[in-house]
Amino acid sequence: MTAGELNPLIHVPARLRIMATLAALPSGDELSFTRLQDLIDLTPGNLITHLRKLEDAGYVATEKTGIGAASLTMIVLTSQGRSALDAYTAALRELLEGL
């Protein structure tokens with residue numbers, strides 16, 4: 001990816017909402033899967049799909065505890081994810097300033 005190019009992984013609206021929501025938290029803070037789902041209004045299947053893509057890229061980390069109905073999945077934005085979002089927002093600002 002060249003400087004000023006929008007990151008296509010983050011540019012997808014649902015993933016951008018996930019990243020922005022997690023970035024609004026203090027560094028290292030996490031959200032539960034259900035809370036994140038409520039905040040960005042995605043179905044569980046849709047959220048899982050987007051989280052997997054972000055996790056594969058190293059942008060988010062998930063931790064699941066418990067089994068079955070007692071399970072809890074927590075999601076956190078990684079430092080790599082925060083850097084990628086910062087680069088994305090800088091590229092977007094640069095693009096908009098050029099209009």
# chains A, B, ... in the order shown; residues from 1 in each chain; ligands from 1
>>> residues_around(residues="Leu6 (chain A)", least_positions_apart="4", cutoff="10 Å", atoms="only C-alpha atoms", output="MDAnalysis selection string")
chainID A and resid 1:2 10:11 85 87:92 95
>>> write_last_selection(atoms="N, CA and C atoms", output="PDB file, in the first residue's frame")
ATOM      1  N   MET A   1       0.854  -1.181   0.000  1.00  0.00           N
ATOM      2  CA  MET A   1       0.000   0.000   0.000  1.00  0.00           C
ATOM      3  C   MET A   1       0.896   1.239   0.000  1.00  0.00           C
ATOM      4  N   THR A   2       0.629   2.160  -0.905  1.00  0.00           N
ATOM      5  CA  THR A   2       1.417   3.381  -0.998  1.00  0.00           C
ATOM      6  C   THR A   2       0.883   4.422  -0.021  1.00  0.00           C
ATOM      7  N   ILE A  10      -9.834  -1.803   6.097  1.00  0.00           N
ATOM      8  CA  ILE A  10     -10.530  -0.911   7.024  1.00  0.00           C
ATOM      9  C   ILE A  10     -11.647  -0.145   6.323  1.00  0.00           C
ATOM     10  N   HIS A  11     -11.508   0.085   5.029  1.00  0.00           N
ATOM     11  CA  HIS A  11     -12.445   0.938   4.290  1.00  0.00           C
ATOM     12  C   HIS A  11     -13.869   0.375   4.225  1.00  0.00           C
ATOM     13  N   LEU A  85      -5.374   2.203  11.733  1.00  0.00           N
ATOM     14  CA  LEU A  85      -6.484   3.155  11.708  1.00  0.00           C
ATOM     15  C   LEU A  85      -5.962   4.585  11.630  1.00  0.00           C
ATOM     16  N   ALA A  87      -3.177   5.530  10.201  1.00  0.00           N
ATOM     17  CA  ALA A  87      -2.713   5.708   8.824  1.00  0.00           C
ATOM     18  C   ALA A  87      -3.900   5.879   7.878  1.00  0.00           C
ATOM     19  N   TYR A  88      -4.967   5.121   8.114  1.00  0.00           N
ATOM     20  CA  TYR A  88      -6.176   5.225   7.296  1.00  0.00           C
ATOM     21  C   TYR A  88      -6.788   6.623   7.420  1.00  0.00           C
ATOM     22  N   THR A  89      -6.918   7.115   8.657  1.00  0.00           N
ATOM     23  CA  THR A  89      -7.535   8.434   8.844  1.00  0.00           C
ATOM     24  C   THR A  89      -6.654   9.536   8.254  1.00  0.00           C
ATOM     25  N   ALA A  90      -5.337   9.382   8.349  1.00  0.00           N
ATOM     26  CA  ALA A  90      -4.429  10.367   7.742  1.00  0.00           C
ATOM     27  C   ALA A  90      -4.590  10.369   6.225  1.00  0.00           C
ATOM     28  N   ALA A  91      -4.701   9.190   5.622  1.00  0.00           N
ATOM     29  CA  ALA A  91      -4.885   9.094   4.172  1.00  0.00           C
ATOM     30  C   ALA A  91      -6.226   9.686   3.761  1.00  0.00           C
ATOM     31  N   LEU A  92      -7.249   9.458   4.569  1.00  0.00           N
ATOM     32  CA  LEU A  92      -8.574  10.011   4.259  1.00  0.00           C
ATOM     33  C   LEU A  92      -8.563  11.534   4.367  1.00  0.00           C
ATOM     34  N   LEU A  95      -6.811  12.880   1.347  1.00  0.00           N
ATOM     35  CA  LEU A  95      -7.706  12.799   0.186  1.00  0.00           C
ATOM     36  C   LEU A  95      -8.727  13.927   0.205  1.00  0.00           C
TER      37      LEU A  95
END
>>> select_by_dssp(residues="chain A", states="strand (DSSP E)", output="list in words")
Glu30, Leu31, Ser32, Val60, Ala61, Thr62, Glu63, Lys64, Thr65, Leu72, Thr73, Met74, Ile75, Val76 and Leu77 of chain A
>>> closest_residue(among="A:Leu54, A:Leu77, A:Val60, A:Val12", to="Ala24 (chain A)", atoms="only C-alpha atoms")
A:Leu77
>>> atom_distance(atom1="CA of Leu31 (chain A)", atom2="CA of Arg93 (chain A)")
27.5 Å
>>> decode(residues="chain A", atoms="C-alpha atoms", output="CSV table (one decimal), in the first residue's frame")
chain,number,residue,atom,x,y,z
A,1,MET,CA,0.0,0.0,0.0
A,2,THR,CA,1.4,3.4,-1.0
A,3,ALA,CA,1.3,6.5,1.2
A,4,GLY,CA,-2.1,8.2,0.9
A,5,GLU,CA,-3.8,5.0,-0.2
A,6,LEU,CA,-6.9,4.0,1.8
A,7,ASN,CA,-6.6,0.6,3.5
A,8,PRO,CA,-9.2,-1.6,1.8
A,9,LEU,CA,-9.5,-3.8,4.8
A,10,ILE,CA,-10.5,-0.9,7.0
A,11,HIS,CA,-12.4,0.9,4.3
A,12,VAL,CA,-15.4,-1.5,4.4
A,13,PRO,CA,-18.1,0.4,6.4
A,14,ALA,CA,-18.8,-2.3,9.0
A,15,ARG,CA,-15.0,-2.8,9.7
A,16,LEU,CA,-14.5,0.9,9.9
A,17,ARG,CA,-17.3,1.1,12.5
A,18,ILE,CA,-15.7,-1.7,14.5
A,19,MET,CA,-12.2,-0.1,14.4
A,20,ALA,CA,-13.5,3.4,15.3
A,21,THR,CA,-15.6,2.0,18.1
A,22,LEU,CA,-12.7,0.1,19.6
A,23,ALA,CA,-10.3,3.1,19.0
A,24,ALA,CA,-12.6,5.3,21.1
A,25,LEU,CA,-11.7,3.2,24.1
A,26,PRO,CA,-8.6,3.9,26.2
A,27,SER,CA,-5.7,1.9,24.9
A,28,GLY,CA,-5.9,-1.8,26.0
A,29,ASP,CA,-9.6,-1.6,27.1
A,30,GLU,CA,-11.9,-4.2,25.5
A,31,LEU,CA,-15.5,-4.6,24.7
A,32,SER,CA,-17.6,-7.8,24.9
A,33,PHE,CA,-18.9,-9.2,21.6
A,34,THR,CA,-22.5,-8.5,22.5
A,35,ARG,CA,-21.8,-4.9,23.6
A,36,LEU,CA,-19.9,-4.2,20.3
A,37,GLN,CA,-22.7,-5.8,18.4
A,38,ASP,CA,-25.3,-3.5,20.1
A,39,LEU,CA,-23.1,-0.4,19.5
A,40,ILE,CA,-22.6,-1.0,15.7
A,41,ASP,CA,-25.9,-2.8,15.0
A,42,LEU,CA,-24.6,-5.9,13.2
A,43,THR,CA,-26.0,-9.4,13.3
A,44,PRO,CA,-23.8,-11.9,15.2
A,45,GLY,CA,-22.8,-13.7,12.0
A,46,ASN,CA,-21.9,-10.5,10.2
A,47,LEU,CA,-19.8,-9.3,13.2
A,48,ILE,CA,-18.0,-12.6,13.4
A,49,THR,CA,-17.1,-12.4,9.7
A,50,HIS,CA,-15.7,-8.9,10.0
A,51,LEU,CA,-13.9,-9.6,13.3
A,52,ARG,CA,-12.1,-12.6,11.7
A,53,LYS,CA,-10.8,-10.5,8.9
A,54,LEU,CA,-9.5,-7.9,11.3
A,55,GLU,CA,-8.0,-10.5,13.6
A,56,ASP,CA,-6.3,-12.2,10.7
A,57,ALA,CA,-4.7,-8.8,9.8
A,58,GLY,CA,-3.6,-8.4,13.5
A,59,TYR,CA,-5.8,-5.3,14.0
A,60,VAL,CA,-8.0,-6.8,16.8
A,61,ALA,CA,-7.6,-9.6,19.3
A,62,THR,CA,-10.3,-11.7,20.7
A,63,GLU,CA,-10.4,-13.8,23.8
A,64,LYS,CA,-13.2,-16.3,24.5
A,65,THR,CA,-13.8,-17.6,28.0
A,66,GLY,CA,-16.4,-20.2,29.2
A,67,ILE,CA,-18.4,-22.7,27.2
A,68,GLY,CA,-21.8,-22.5,25.6
A,69,ALA,CA,-24.3,-20.0,27.1
A,70,ALA,CA,-21.8,-19.1,29.8
A,71,SER,CA,-19.2,-18.0,27.2
A,72,LEU,CA,-17.9,-14.5,26.8
A,73,THR,CA,-15.9,-13.1,24.0
A,74,MET,CA,-13.9,-9.9,24.5
A,75,ILE,CA,-12.4,-7.8,21.7
A,76,VAL,CA,-9.6,-5.3,21.9
A,77,LEU,CA,-7.9,-3.1,19.3
A,78,THR,CA,-4.2,-4.0,19.0
A,79,SER,CA,-1.4,-1.5,18.7
A,80,GLN,CA,-1.0,-2.6,15.1
A,81,GLY,CA,-4.8,-2.0,14.6
A,82,ARG,CA,-4.5,1.5,16.1
A,83,SER,CA,-1.6,2.3,13.8
A,84,ALA,CA,-3.5,1.0,10.8
A,85,LEU,CA,-6.5,3.2,11.7
A,86,ASP,CA,-4.3,6.2,12.3
A,87,ALA,CA,-2.7,5.7,8.8
A,88,TYR,CA,-6.2,5.2,7.3
A,89,THR,CA,-7.5,8.4,8.8
A,90,ALA,CA,-4.4,10.4,7.7
A,91,ALA,CA,-4.9,9.1,4.2
A,92,LEU,CA,-8.6,10.0,4.3
A,93,ARG,CA,-7.8,13.5,5.5
A,94,GLU,CA,-5.2,13.9,2.8
A,95,LEU,CA,-7.7,12.8,0.2
A,96,LEU,CA,-10.4,15.2,1.5
A,97,GLU,CA,-8.0,18.1,1.7
A,98,GLY,CA,-7.1,17.6,-2.0
A,99,LEU,CA,-10.7,18.2,-3.1
